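Structure file protein31.txt with compact mmCIF, C-alpha atoms and all ligand atoms:
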# COMPACT_ATOMS: atom_id res chain seq x y z
CA MET F 1 84.93 -84.83 -39.61
CA LYS F 2 88.47 -83.98 -38.76
CA LYS F 3 88.43 -81.02 -41.06
CA VAL F 4 85.23 -79.74 -39.57
CA PHE F 5 86.66 -80.04 -36.10
CA ALA F 6 89.85 -78.21 -37.09
CA LEU F 7 87.88 -75.42 -38.66
CA PHE F 8 85.59 -75.32 -35.68
CA SER F 9 88.58 -74.77 -33.42
CA ALA F 10 89.88 -72.04 -35.68
CA ALA F 11 86.48 -70.42 -35.69
CA LEU F 12 86.32 -70.65 -31.94
CA VAL F 13 89.72 -69.02 -31.59
CA SER F 14 88.73 -66.15 -33.82
CA ALA F 15 85.41 -65.88 -32.01
CA LEU F 16 87.20 -65.59 -28.73
CA CYS F 17 89.63 -63.13 -30.21
CA LEU F 18 86.85 -61.04 -31.65
CA ALA F 19 84.99 -61.15 -28.38
CA SER F 20 87.99 -60.00 -26.42
CA CYS F 21 89.77 -57.95 -29.05
CA GLY F 22 86.88 -55.58 -29.45
CA GLY F 23 84.51 -56.50 -32.28
CA THR F 24 84.57 -56.06 -35.99
CA ASP F 25 83.36 -53.88 -38.76
CA SER F 26 80.52 -55.90 -40.03
CA THR F 27 78.60 -54.08 -42.68
CA SER F 28 79.78 -55.55 -45.92
CA SER F 29 82.22 -58.35 -45.78
CA SER F 30 84.51 -60.37 -47.93
CA SER F 31 84.38 -64.11 -47.57
CA GLU F 32 87.54 -63.87 -45.55
CA SER F 33 86.15 -61.62 -42.90
CA SER F 34 82.78 -63.33 -42.97
CA ALA F 35 84.33 -66.47 -41.56
CA GLN F 36 85.41 -64.50 -38.57
CA GLU F 37 82.19 -62.61 -38.30
CA SER F 38 80.07 -65.68 -38.53
CA SER F 39 82.13 -67.39 -35.92
CA ALA F 40 81.78 -64.37 -33.70
CA SER F 41 78.05 -64.89 -33.68
CA THR F 42 78.36 -68.52 -32.65
CA SER F 43 79.00 -67.43 -29.11
CA SER F 44 75.28 -66.74 -28.90
CA ALA F 45 72.61 -69.36 -28.32
CA GLU F 46 72.32 -71.04 -31.69
CA SER F 47 75.72 -72.35 -32.65
CA SER F 48 76.33 -72.41 -36.36
CA ALA F 49 79.96 -73.40 -36.11
CA THR F 50 79.62 -76.55 -38.16
CA GLU F 51 77.77 -74.75 -40.88
CA SER F 52 80.11 -71.81 -40.98
CA SER F 53 83.15 -74.02 -41.14
CA SER F 54 81.92 -76.09 -44.03
CA GLU F 55 80.39 -73.21 -45.96
CA GLU F 56 81.84 -69.90 -44.97
CA ALA F 57 80.10 -67.81 -47.56
CA SER F 58 76.56 -68.92 -46.85
CA GLU F 59 76.50 -68.31 -43.16
CA GLY F 60 73.22 -66.77 -42.09
CA SER F 61 72.38 -64.56 -39.19
CA THR F 62 69.43 -62.95 -37.52
CA ASP F 63 71.40 -59.72 -37.33
CA ALA F 64 70.62 -58.72 -40.88
CA ALA F 65 73.37 -56.23 -41.57
CA ALA F 66 76.02 -58.23 -39.81
CA GLU F 67 77.20 -60.99 -42.09
CA PHE F 68 77.00 -61.49 -45.78
CA THR F 69 79.31 -61.73 -48.71
CA THR F 70 79.06 -60.14 -52.12
CA VAL F 71 80.72 -61.08 -55.40
CA THR F 72 82.95 -58.02 -55.14
CA GLU F 73 83.62 -56.64 -51.72
CA GLY F 74 81.71 -53.45 -51.04
CA VAL F 75 79.63 -53.80 -54.21
CA LEU F 76 76.08 -55.06 -54.69
CA THR F 77 75.94 -56.56 -58.18
CA MET F 78 72.42 -56.62 -59.52
CA ALA F 79 71.48 -58.40 -62.72
CA THR F 80 68.51 -57.06 -64.60
CA ASN F 81 67.07 -56.90 -68.09
CA ALA F 82 66.63 -53.21 -68.79
CA GLU F 83 63.87 -53.47 -71.37
CA PHE F 84 61.05 -53.31 -68.94
CA PRO F 85 59.69 -49.83 -68.24
CA PRO F 86 58.91 -48.53 -65.66
CA TYR F 87 60.87 -51.12 -63.63
CA GLU F 88 64.12 -50.92 -65.57
CA TYR F 89 64.95 -49.11 -68.77
CA TYR F 90 67.56 -46.78 -70.21
CA GLU F 91 67.59 -43.06 -69.92
CA GLY F 92 70.59 -42.27 -72.09
CA ASP F 93 73.29 -44.62 -70.83
CA THR F 94 71.81 -44.99 -67.38
CA ILE F 95 69.48 -47.73 -66.22
CA VAL F 96 66.63 -46.12 -64.32
CA GLY F 97 63.26 -47.28 -63.02
CA ILE F 98 61.54 -48.61 -59.93
CA ASP F 99 63.89 -51.57 -59.48
CA ALA F 100 67.00 -49.44 -60.01
CA GLU F 101 65.85 -46.94 -57.39
CA VAL F 102 64.72 -49.49 -54.82
CA ALA F 103 68.02 -51.35 -55.29
CA GLN F 104 69.91 -48.09 -54.79
CA LEU F 105 68.17 -47.53 -51.45
CA ILE F 106 68.94 -51.11 -50.41
CA ALA F 107 72.60 -50.71 -51.36
CA ASP F 108 72.82 -47.39 -49.49
CA GLU F 109 71.34 -48.96 -46.36
CA LEU F 110 73.81 -51.84 -46.55
CA GLY F 111 76.76 -49.53 -47.17
CA LEU F 112 77.39 -51.01 -50.62
CA THR F 113 77.91 -49.49 -54.06
CA LEU F 114 75.21 -50.62 -56.47
CA GLU F 115 76.32 -51.99 -59.84
CA ILE F 116 73.59 -52.88 -62.30
CA THR F 117 74.35 -55.33 -65.09
CA ASP F 118 71.99 -55.57 -68.05
CA VAL F 119 71.65 -59.15 -69.33
CA ALA F 120 69.11 -61.27 -71.19
CA PHE F 121 66.13 -61.98 -68.94
CA ASP F 122 66.71 -65.72 -69.07
CA SER F 123 70.34 -65.28 -67.94
CA ILE F 124 69.38 -63.66 -64.65
CA VAL F 125 68.33 -66.75 -62.66
CA PRO F 126 71.25 -68.94 -63.86
CA GLY F 127 73.71 -66.08 -63.24
CA VAL F 128 72.44 -65.52 -59.72
CA GLN F 129 72.30 -69.25 -59.02
CA SER F 130 75.92 -69.70 -60.06
CA GLY F 131 77.08 -66.75 -57.97
CA LYS F 132 77.99 -64.48 -60.87
CA TYR F 133 75.64 -61.76 -59.59
CA ASP F 134 74.58 -61.02 -56.01
CA MET F 135 70.93 -60.63 -56.88
CA GLY F 136 68.47 -60.48 -59.72
CA MET F 137 65.91 -57.70 -59.77
CA ALA F 138 63.88 -57.38 -62.93
CA GLY F 139 60.17 -57.12 -62.17
CA MET F 140 60.69 -60.81 -61.61
CA THR F 141 57.76 -62.94 -60.55
CA ILE F 142 58.14 -65.49 -57.79
CA ASP F 143 57.57 -68.69 -59.68
CA GLU F 144 57.69 -72.35 -58.65
CA ASP F 145 60.30 -73.31 -61.21
CA ARG F 146 62.60 -70.43 -60.34
CA LEU F 147 62.28 -71.34 -56.66
CA LYS F 148 64.04 -74.60 -57.47
CA SER F 149 67.13 -72.61 -58.50
CA VAL F 150 67.10 -69.42 -56.42
CA ASN F 151 65.57 -67.89 -53.30
CA PHE F 152 63.30 -64.85 -53.39
CA SER F 153 63.03 -61.83 -51.13
CA THR F 154 59.85 -60.52 -49.61
CA PRO F 155 57.64 -59.34 -52.50
CA TYR F 156 57.86 -55.61 -53.16
CA ALA F 157 55.30 -55.15 -55.96
CA THR F 158 52.36 -56.81 -57.68
CA GLY F 159 52.49 -57.63 -61.36
CA ILE F 160 49.61 -58.46 -63.64
CA GLN F 161 49.97 -60.29 -66.93
CA ALA F 162 48.09 -58.20 -69.46
CA VAL F 163 47.22 -58.65 -73.11
CA ILE F 164 48.06 -56.03 -75.77
CA VAL F 165 46.17 -56.14 -79.06
CA THR F 166 45.79 -53.80 -82.02
CA GLU F 167 42.86 -51.39 -81.81
CA ASP F 168 41.04 -53.15 -84.65
CA SER F 169 41.65 -56.64 -83.22
CA ASP F 170 38.92 -59.28 -83.12
CA ILE F 171 40.31 -60.38 -79.76
CA ALA F 172 37.96 -58.89 -77.17
CA SER F 173 38.91 -60.95 -74.11
CA ILE F 174 41.27 -63.74 -73.13
CA ASP F 175 38.58 -66.21 -74.18
CA ASP F 176 39.42 -65.29 -77.76
CA LEU F 177 43.11 -66.22 -77.54
CA THR F 178 42.75 -69.86 -78.55
CA GLY F 179 44.46 -70.45 -81.88
CA LYS F 180 45.92 -66.95 -82.00
CA LYS F 181 49.61 -66.18 -82.31
CA ILE F 182 50.85 -64.82 -79.01
CA GLY F 183 54.03 -62.75 -78.68
CA VAL F 184 55.97 -62.94 -75.40
CA GLN F 185 59.38 -62.14 -73.95
CA THR F 186 61.38 -65.37 -73.74
CA SER F 187 61.25 -67.17 -70.39
CA THR F 188 58.94 -64.67 -68.72
CA THR F 189 55.85 -65.86 -66.92
CA GLY F 190 53.84 -64.59 -69.89
CA ASP F 191 55.79 -67.06 -72.03
CA ILE F 192 55.40 -69.90 -69.52
CA TYR F 193 51.64 -69.46 -68.99
CA ALA F 194 50.82 -68.84 -72.65
CA SER F 195 52.75 -71.94 -73.71
CA GLU F 196 50.89 -74.02 -71.11
CA ASP F 197 47.45 -72.60 -71.89
CA TYR F 198 47.56 -72.13 -75.66
CA GLY F 199 50.35 -74.44 -76.82
CA MET F 200 53.97 -73.64 -77.60
CA GLU F 201 53.23 -73.72 -81.31
CA ASN F 202 51.10 -70.60 -80.85
CA VAL F 203 53.68 -68.68 -78.86
CA VAL F 204 56.34 -66.54 -80.53
CA GLN F 205 59.28 -65.69 -78.28
CA TYR F 206 61.06 -62.34 -78.52
CA ASP F 207 64.19 -61.10 -76.75
CA ASN F 208 62.27 -58.28 -75.14
CA GLY F 209 58.83 -56.70 -74.88
CA ALA F 210 59.61 -53.93 -77.36
CA LEU F 211 60.40 -56.49 -80.08
CA ALA F 212 57.23 -58.43 -79.25
CA VAL F 213 55.26 -55.20 -79.70
CA GLU F 214 56.99 -54.66 -83.05
CA GLY F 215 55.85 -58.17 -83.98
CA LEU F 216 52.29 -57.23 -83.09
CA LYS F 217 52.42 -54.01 -85.10
CA SER F 218 53.71 -55.81 -88.17
CA GLY F 219 51.10 -58.56 -87.89
CA LYS F 220 53.50 -61.40 -87.00
CA VAL F 221 51.54 -62.04 -83.80
CA ASP F 222 47.92 -61.28 -82.87
CA CYS F 223 48.62 -60.14 -79.33
CA VAL F 224 51.38 -59.73 -76.75
CA ILE F 225 51.17 -61.07 -73.21
CA ILE F 226 53.35 -59.05 -70.87
CA ASP F 227 53.27 -57.44 -67.42
CA ASN F 228 50.75 -54.60 -67.24
CA GLU F 229 53.05 -51.68 -66.44
CA PRO F 230 55.39 -52.26 -69.40
CA ALA F 231 52.24 -53.05 -71.41
CA LYS F 232 50.82 -49.61 -70.59
CA ALA F 233 54.15 -48.00 -71.49
CA TYR F 234 54.20 -49.78 -74.87
CA VAL F 235 50.59 -48.88 -75.61
CA ALA F 236 51.29 -45.24 -74.74
CA ALA F 237 54.39 -45.20 -76.94
CA ASN F 238 52.80 -46.87 -79.97
CA GLU F 239 49.80 -45.77 -82.01
CA GLY F 240 46.98 -48.19 -82.69
CA LEU F 241 47.43 -50.52 -79.71
CA LYS F 242 45.21 -51.17 -76.71
CA LEU F 243 45.07 -53.32 -73.60
CA LEU F 244 42.40 -55.92 -72.95
CA GLU F 245 40.40 -55.21 -69.81
CA THR F 246 40.78 -58.74 -68.52
CA GLU F 247 43.87 -59.59 -66.52
CA TYR F 248 45.55 -62.83 -67.48
CA ALA F 249 47.37 -63.49 -64.18
CA VAL F 250 48.26 -61.67 -60.95
CA GLU F 251 51.76 -62.16 -59.50
CA ASP F 252 54.28 -61.01 -56.89
CA TYR F 253 57.60 -59.40 -57.85
CA ALA F 254 60.63 -60.13 -55.70
CA ILE F 255 64.43 -60.08 -55.78
CA CYS F 256 66.22 -63.40 -56.31
CA PHE F 257 69.36 -64.63 -54.58
CA SER F 258 71.61 -67.64 -54.71
CA LYS F 259 70.50 -70.37 -52.31
CA GLU F 260 74.13 -70.28 -51.14
CA ASN F 261 73.84 -66.69 -49.97
CA ALA F 262 71.03 -66.74 -47.44
CA ALA F 263 72.85 -64.13 -45.37
CA LEU F 264 72.67 -61.56 -48.16
CA GLN F 265 69.03 -62.44 -48.76
CA GLU F 266 68.27 -61.86 -45.08
CA ALA F 267 70.18 -58.58 -45.00
CA VAL F 268 68.37 -57.30 -48.09
CA ASN F 269 65.01 -58.53 -46.78
CA SER F 270 65.42 -56.71 -43.54
CA VAL F 271 66.24 -53.44 -45.32
CA LEU F 272 63.54 -53.98 -47.95
CA GLU F 273 60.87 -54.66 -45.34
CA ASP F 274 61.75 -51.37 -43.63
CA LEU F 275 61.65 -49.51 -46.95
CA ILE F 276 58.22 -50.99 -47.64
CA ALA F 277 56.97 -50.20 -44.12
CA ASP F 278 58.13 -46.58 -44.13
CA GLY F 279 56.61 -45.88 -47.53
CA SER F 280 59.90 -45.41 -49.43
CA VAL F 281 59.11 -48.14 -51.96
CA GLN F 282 55.62 -46.71 -52.54
CA GLU F 283 57.12 -43.27 -53.06
CA ILE F 284 59.35 -44.64 -55.83
CA VAL F 285 56.45 -46.56 -57.39
CA ASP F 286 54.31 -43.40 -57.35
CA LYS F 287 57.05 -41.50 -59.11
CA TYR F 288 56.92 -43.92 -62.04
CA ILE F 289 53.33 -45.12 -62.00
CA THR F 290 50.54 -42.60 -61.85
CA ALA F 291 47.29 -43.95 -60.46
CA GLU F 292 44.47 -44.10 -62.97
N1 LIG F 301 57.25 -60.67 -64.39
C1 LIG F 301 57.65 -61.43 -65.51
C2 LIG F 301 58.50 -62.59 -65.08
O1 LIG F 301 59.01 -62.62 -64.01
C3 LIG F 301 58.40 -60.63 -66.54
C4 LIG F 301 59.64 -59.94 -66.07
C5 LIG F 301 60.46 -59.36 -67.20
N2 LIG F 301 61.41 -58.47 -66.68
C6 LIG F 301 62.35 -57.79 -67.39
N3 LIG F 301 63.12 -56.96 -66.76
N4 LIG F 301 62.45 -57.99 -68.67
O2 LIG F 301 58.69 -63.52 -65.82
Would you mind writing the structure in this file as C-alpha cells?
Amino acid sequence: MKKVFALFSAALVSALCLASCGGTDSTSSSSESSAQESSASTSSAESSATESSSEEASEGSTDAAAEFTTVTEGVLTMATNAEFPPYEYYEGDTIVGIDAEVAQLIADELGLTLEITDVAFDSIVPGVQSGKYDMGMAGMTIDEDRLKSVNFSTPYATGIQAVIVTEDSDIASIDDLTGKKIGVQTSTTGDIYASEDYGMENVVQYDNGALAVEGLKSGKVDCVIIDNEPAKAYVAANEGLKLLETEYAVEDYAICFSKENAALQEAVNSVLEDLIADGSVQEIVDKYITAE
C-alpha cells in the first residue's frame, strides 16, 4: 500500500512536470519513459495511477500510439515460423510473405524497426507469453487454449483447414479419414483438431508442413491437414498431390501478444484496423494469393 502510494506520488509529480514542461515524445517507448507517459495520461478522466505504478510496462491507453513498451526500444520483435507460404517463407535469406509485409506496415506506422525471428511454431506462444518477443504472427489461428496464455489482435485473415491427399488416394472426403494416418505440423490447429477427431494414435506430427508433405509423398501418412493457402502452395510445388474439396475447419488469423502488454496490443490493433479499412492488407493478400 505504502509502495503504491509512493509510486503514485512520483507518477503524479512526473505527470505534473510533463503537463507543464511541455509533453513528451511518445511513439515508441522504453519501460522507463512509459512510466512517465502513462502517468501523463492519468490527468485525464480515467485514472490508472494505481495500475501504472504497480505494473509500469503493461499500462494501457486509448491513445493507441501513445504508450507501449517493446522488448528492445525502437524495435518490434515478431516471432514467426517461416515454413508457411504465402504467409511467411524464405526468399533467399529473407523472410517474406503476407505476415511479413503486414507486420512491416504496422512497424512503419508505429515508428519501429521490424525484426522477424524464425522459431518453431510451438515456441511462438510461450515466447510471446514470457515477453521474449513482442508479438507472434504466423498465420496463427485464434484458439481457446492459446487465449489462456496470450491475447490476440483483431483478425486480419481467414484460414481454412484443408486436406491434401495423393492423386490416387482412396480418400474422397473428410468422411473417409477415420483410421487413416494424418500428417500435421506440431501444435497447429490441424494437429489439435485431428487428434481430437481421429485420435492421437492416427496423427503424425512434423516440424513443418513441408516435412508433412514429404511424409505423404513417401507413404508414411495418408493425408496432410494444414491451412489451405500453404496447402495450395505445396500441391502446386509437388507432383501427384491434390486437395480435397471439403474444408475441414474455418478459422480467423490474428497476431498474439503478451497479456502483460495490452498497450502494445492496442497500438497494433489501431494501426491494423486502419490498414484493413483502407485496403492495404487486402492489397498485400492479393499480391500473394490470386483469386481462383
Ligand atoms: N493456422 C494454424 C494454427 O494457428 C497453423 C499456423 C502455422 N503457421 C506457421 N507459420 N507455421 O495453428
*Would you please work out which residue, of F:Asn261, F:Ser270, F:Thr290, F:Ser187, is nearest to F:Lys232 when using all atoms listed in the file?*
F:Thr290
*Might you pull out every residue within 8 Å of F:Val75, with all atoms listed in the file counted and same-chain residues fewer than 5 positions away left off, and present them as a list in words?*
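Neighbouring residues, sequence-local ones excluded: Thr70, Leu112, Thr113, Leu114 and Glu115 of chain F.
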Keeping only C-alpha atoms, take the residues you just selected and write them out as a PDB file, in the coordinates of the input.
ATOM      1  CA  THR F  70      79.060 -60.140 -52.120  1.00  0.00           C
ATOM      2  CA  LEU F 112      77.390 -51.010 -50.620  1.00  0.00           C
ATOM      3  CA  THR F 113      77.910 -49.490 -54.060  1.00  0.00           C
ATOM      4  CA  LEU F 114      75.210 -50.620 -56.470  1.00  0.00           C
ATOM      5  CA  GLU F 115      76.320 -51.990 -59.840  1.00  0.00           C
TER       6      GLU F 115
END
_Please find the residues contacting ligand LIG 301 (chain F) at a distance of at most 6 Å between atoms, with all atoms listed in the file counted, and report them as a list of chain:residue names._
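Based on all atoms listed in the file, ligand LIG 301 (chain F) is surrounded within 6 Å by F:Thr80, F:Asn81, F:Ala82, F:Glu83, F:Phe84, F:Phe121, F:Ala138, F:Gly139, F:Met140, F:Thr141, F:Thr188, F:Thr189, F:Asp227.
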*Would you work out the distance separating atom CA of F:Val125 from atom CA of F:Asp145, expressed in Å to one decimal?*
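These two atoms are separated by 10.5 Å.
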*For F:Ala210, work out the shell of residues within 12 Å, counting all atoms listed in the file and skipping chain neighbours fewer than 4 positions away, then give it as an MDAnalysis selection string.*
chainID F and resid 82:85 89 164 183:185 205:206 214:217 224:226 230:235 237:238
Those residues you just picked out, can you put them in a file as a tab-separated table (two decimals), keeping the file's coordinate frame with C-alpha atoms?
chain	number	residue	atom	x	y	z
F	82	ALA	CA	66.63	-53.21	-68.79
F	83	GLU	CA	63.87	-53.47	-71.37
F	84	PHE	CA	61.05	-53.31	-68.94
F	85	PRO	CA	59.69	-49.83	-68.24
F	89	TYR	CA	64.95	-49.11	-68.77
F	164	ILE	CA	48.06	-56.03	-75.77
F	183	GLY	CA	54.03	-62.75	-78.68
F	184	VAL	CA	55.97	-62.94	-75.40
F	185	GLN	CA	59.38	-62.14	-73.95
F	205	GLN	CA	59.28	-65.69	-78.28
F	206	TYR	CA	61.06	-62.34	-78.52
F	214	GLU	CA	56.99	-54.66	-83.05
F	215	GLY	CA	55.85	-58.17	-83.98
F	216	LEU	CA	52.29	-57.23	-83.09
F	217	LYS	CA	52.42	-54.01	-85.10
F	224	VAL	CA	51.38	-59.73	-76.75
F	225	ILE	CA	51.17	-61.07	-73.21
F	226	ILE	CA	53.35	-59.05	-70.87
F	230	PRO	CA	55.39	-52.26	-69.40
F	231	ALA	CA	52.24	-53.05	-71.41
F	232	LYS	CA	50.82	-49.61	-70.59
F	233	ALA	CA	54.15	-48.00	-71.49
F	234	TYR	CA	54.20	-49.78	-74.87
F	235	VAL	CA	50.59	-48.88	-75.61
F	237	ALA	CA	54.39	-45.20	-76.94
F	238	ASN	CA	52.80	-46.87	-79.97
Any chance you could model N, CA and C atoms for stretch 118-152 of chain F and send them as an mmCIF file, in the coordinates of the input?
data_model
loop_
_atom_site.group_PDB
_atom_site.id
_atom_site.type_symbol
_atom_site.label_atom_id
_atom_site.label_comp_id
_atom_site.auth_asym_id
_atom_site.auth_seq_id
_atom_site.Cartn_x
_atom_site.Cartn_y
_atom_site.Cartn_z
ATOM 1 N N ASP F 118 73.117 -55.292 -67.167
ATOM 2 C CA ASP F 118 71.990 -55.570 -68.050
ATOM 3 C C ASP F 118 72.264 -56.849 -68.844
ATOM 4 N N VAL F 119 71.441 -57.859 -68.635
ATOM 5 C CA VAL F 119 71.650 -59.150 -69.330
ATOM 6 C C VAL F 119 70.312 -59.626 -69.902
ATOM 7 N N ALA F 120 70.350 -60.674 -70.681
ATOM 8 C CA ALA F 120 69.110 -61.270 -71.190
ATOM 9 C C ALA F 120 68.280 -61.750 -69.996
ATOM 10 N N PHE F 121 66.962 -61.610 -70.090
ATOM 11 C CA PHE F 121 66.130 -61.980 -68.940
ATOM 12 C C PHE F 121 66.385 -63.414 -68.500
ATOM 13 N N ASP F 122 66.542 -64.318 -69.462
ATOM 14 C CA ASP F 122 66.710 -65.720 -69.070
ATOM 15 C C ASP F 122 68.128 -66.049 -68.585
ATOM 16 N N SER F 123 69.006 -65.054 -68.531
ATOM 17 C CA SER F 123 70.340 -65.280 -67.940
ATOM 18 C C SER F 123 70.372 -64.876 -66.467
ATOM 19 N N ILE F 124 69.334 -64.205 -66.010
ATOM 20 C CA ILE F 124 69.380 -63.660 -64.650
ATOM 21 C C ILE F 124 69.395 -64.782 -63.608
ATOM 22 N N VAL F 125 68.409 -65.680 -63.672
ATOM 23 C CA VAL F 125 68.330 -66.750 -62.660
ATOM 24 C C VAL F 125 69.588 -67.636 -62.683
ATOM 25 N N PRO F 126 70.023 -68.124 -63.853
ATOM 26 C CA PRO F 126 71.250 -68.940 -63.860
ATOM 27 C C PRO F 126 72.474 -68.174 -63.341
ATOM 28 N N GLY F 127 72.567 -66.886 -63.682
ATOM 29 C CA GLY F 127 73.710 -66.080 -63.240
ATOM 30 C C GLY F 127 73.724 -65.865 -61.737
ATOM 31 N N VAL F 128 72.540 -65.691 -61.171
ATOM 32 C CA VAL F 128 72.440 -65.520 -59.720
ATOM 33 C C VAL F 128 72.700 -66.866 -59.038
ATOM 34 N N GLN F 129 72.135 -67.900 -59.602
ATOM 35 C CA GLN F 129 72.300 -69.250 -59.020
ATOM 36 C C GLN F 129 73.781 -69.634 -58.968
ATOM 37 N N SER F 130 74.521 -69.298 -60.009
ATOM 38 C CA SER F 130 75.920 -69.700 -60.060
ATOM 39 C C SER F 130 76.844 -68.724 -59.337
ATOM 40 N N GLY F 131 76.275 -67.674 -58.761
ATOM 41 C CA GLY F 131 77.080 -66.750 -57.970
ATOM 42 C C GLY F 131 77.806 -65.698 -58.786
ATOM 43 N N LYS F 132 77.379 -65.501 -60.027
ATOM 44 C CA LYS F 132 77.990 -64.480 -60.870
ATOM 45 C C LYS F 132 77.495 -63.083 -60.447
ATOM 46 N N TYR F 133 76.234 -63.007 -60.070
ATOM 47 C CA TYR F 133 75.640 -61.760 -59.590
ATOM 48 C C TYR F 133 75.128 -61.983 -58.173
ATOM 49 N N ASP F 134 75.084 -60.894 -57.382
ATOM 50 C CA ASP F 134 74.580 -61.020 -56.010
ATOM 51 C C ASP F 134 73.076 -61.204 -55.983
ATOM 52 N N MET F 135 72.395 -60.504 -56.870
ATOM 53 C CA MET F 135 70.930 -60.630 -56.880
ATOM 54 C C MET F 135 70.375 -60.312 -58.260
ATOM 55 N N GLY F 136 69.172 -60.774 -58.481
ATOM 56 C CA GLY F 136 68.470 -60.480 -59.720
ATOM 57 C C GLY F 136 67.233 -59.674 -59.380
ATOM 58 N N MET F 137 67.088 -58.537 -60.030
ATOM 59 C CA MET F 137 65.910 -57.700 -59.770
ATOM 60 C C MET F 137 65.446 -57.190 -61.120
ATOM 61 N N ALA F 138 64.274 -57.646 -61.546
ATOM 62 C CA ALA F 138 63.880 -57.380 -62.930
ATOM 63 C C ALA F 138 62.364 -57.507 -63.086
ATOM 64 N N GLY F 139 61.624 -56.913 -62.140
ATOM 65 C CA GLY F 139 60.170 -57.120 -62.170
ATOM 66 C C GLY F 139 59.899 -58.609 -62.222
ATOM 67 N N MET F 140 60.711 -59.352 -61.479
ATOM 68 C CA MET F 140 60.690 -60.810 -61.610
ATOM 69 C C MET F 140 59.649 -61.439 -60.689
ATOM 70 N N THR F 141 58.829 -62.269 -61.273
ATOM 71 C CA THR F 141 57.760 -62.940 -60.550
ATOM 72 C C THR F 141 58.302 -64.138 -59.769
ATOM 73 N N ILE F 142 57.810 -64.290 -58.550
ATOM 74 C CA ILE F 142 58.140 -65.490 -57.790
ATOM 75 C C ILE F 142 57.401 -66.653 -58.467
ATOM 76 N N ASP F 143 58.165 -67.624 -58.868
ATOM 77 C CA ASP F 143 57.570 -68.690 -59.680
ATOM 78 C C ASP F 143 58.164 -70.020 -59.195
ATOM 79 N N GLU F 144 57.308 -71.037 -59.186
ATOM 80 C CA GLU F 144 57.690 -72.350 -58.650
ATOM 81 C C GLU F 144 58.986 -72.895 -59.230
ATOM 82 N N ASP F 145 59.113 -72.779 -60.542
ATOM 83 C CA ASP F 145 60.300 -73.310 -61.210
ATOM 84 C C ASP F 145 61.552 -72.561 -60.793
ATOM 85 N N ARG F 146 61.444 -71.244 -60.748
ATOM 86 C CA ARG F 146 62.600 -70.430 -60.340
ATOM 87 C C ARG F 146 62.993 -70.734 -58.909
ATOM 88 N N LEU F 147 61.993 -71.035 -58.072
ATOM 89 C CA LEU F 147 62.280 -71.340 -56.660
ATOM 90 C C LEU F 147 63.138 -72.592 -56.503
ATOM 91 N N LYS F 148 63.158 -73.422 -57.531
ATOM 92 C CA LYS F 148 64.040 -74.600 -57.470
ATOM 93 C C LYS F 148 65.497 -74.182 -57.595
ATOM 94 N N SER F 149 65.758 -73.039 -58.238
ATOM 95 C CA SER F 149 67.130 -72.610 -58.500
ATOM 96 C C SER F 149 67.615 -71.478 -57.605
ATOM 97 N N VAL F 150 66.695 -70.608 -57.198
ATOM 98 C CA VAL F 150 67.100 -69.420 -56.420
ATOM 99 C C VAL F 150 66.102 -69.194 -55.285
ATOM 100 N N ASN F 151 66.492 -68.333 -54.345
ATOM 101 C CA ASN F 151 65.570 -67.890 -53.300
ATOM 102 C C ASN F 151 65.031 -66.510 -53.659
ATOM 103 N N PHE F 152 63.873 -66.176 -53.134
ATOM 104 C CA PHE F 152 63.300 -64.850 -53.390
ATOM 105 C C PHE F 152 63.151 -64.054 -52.102
#
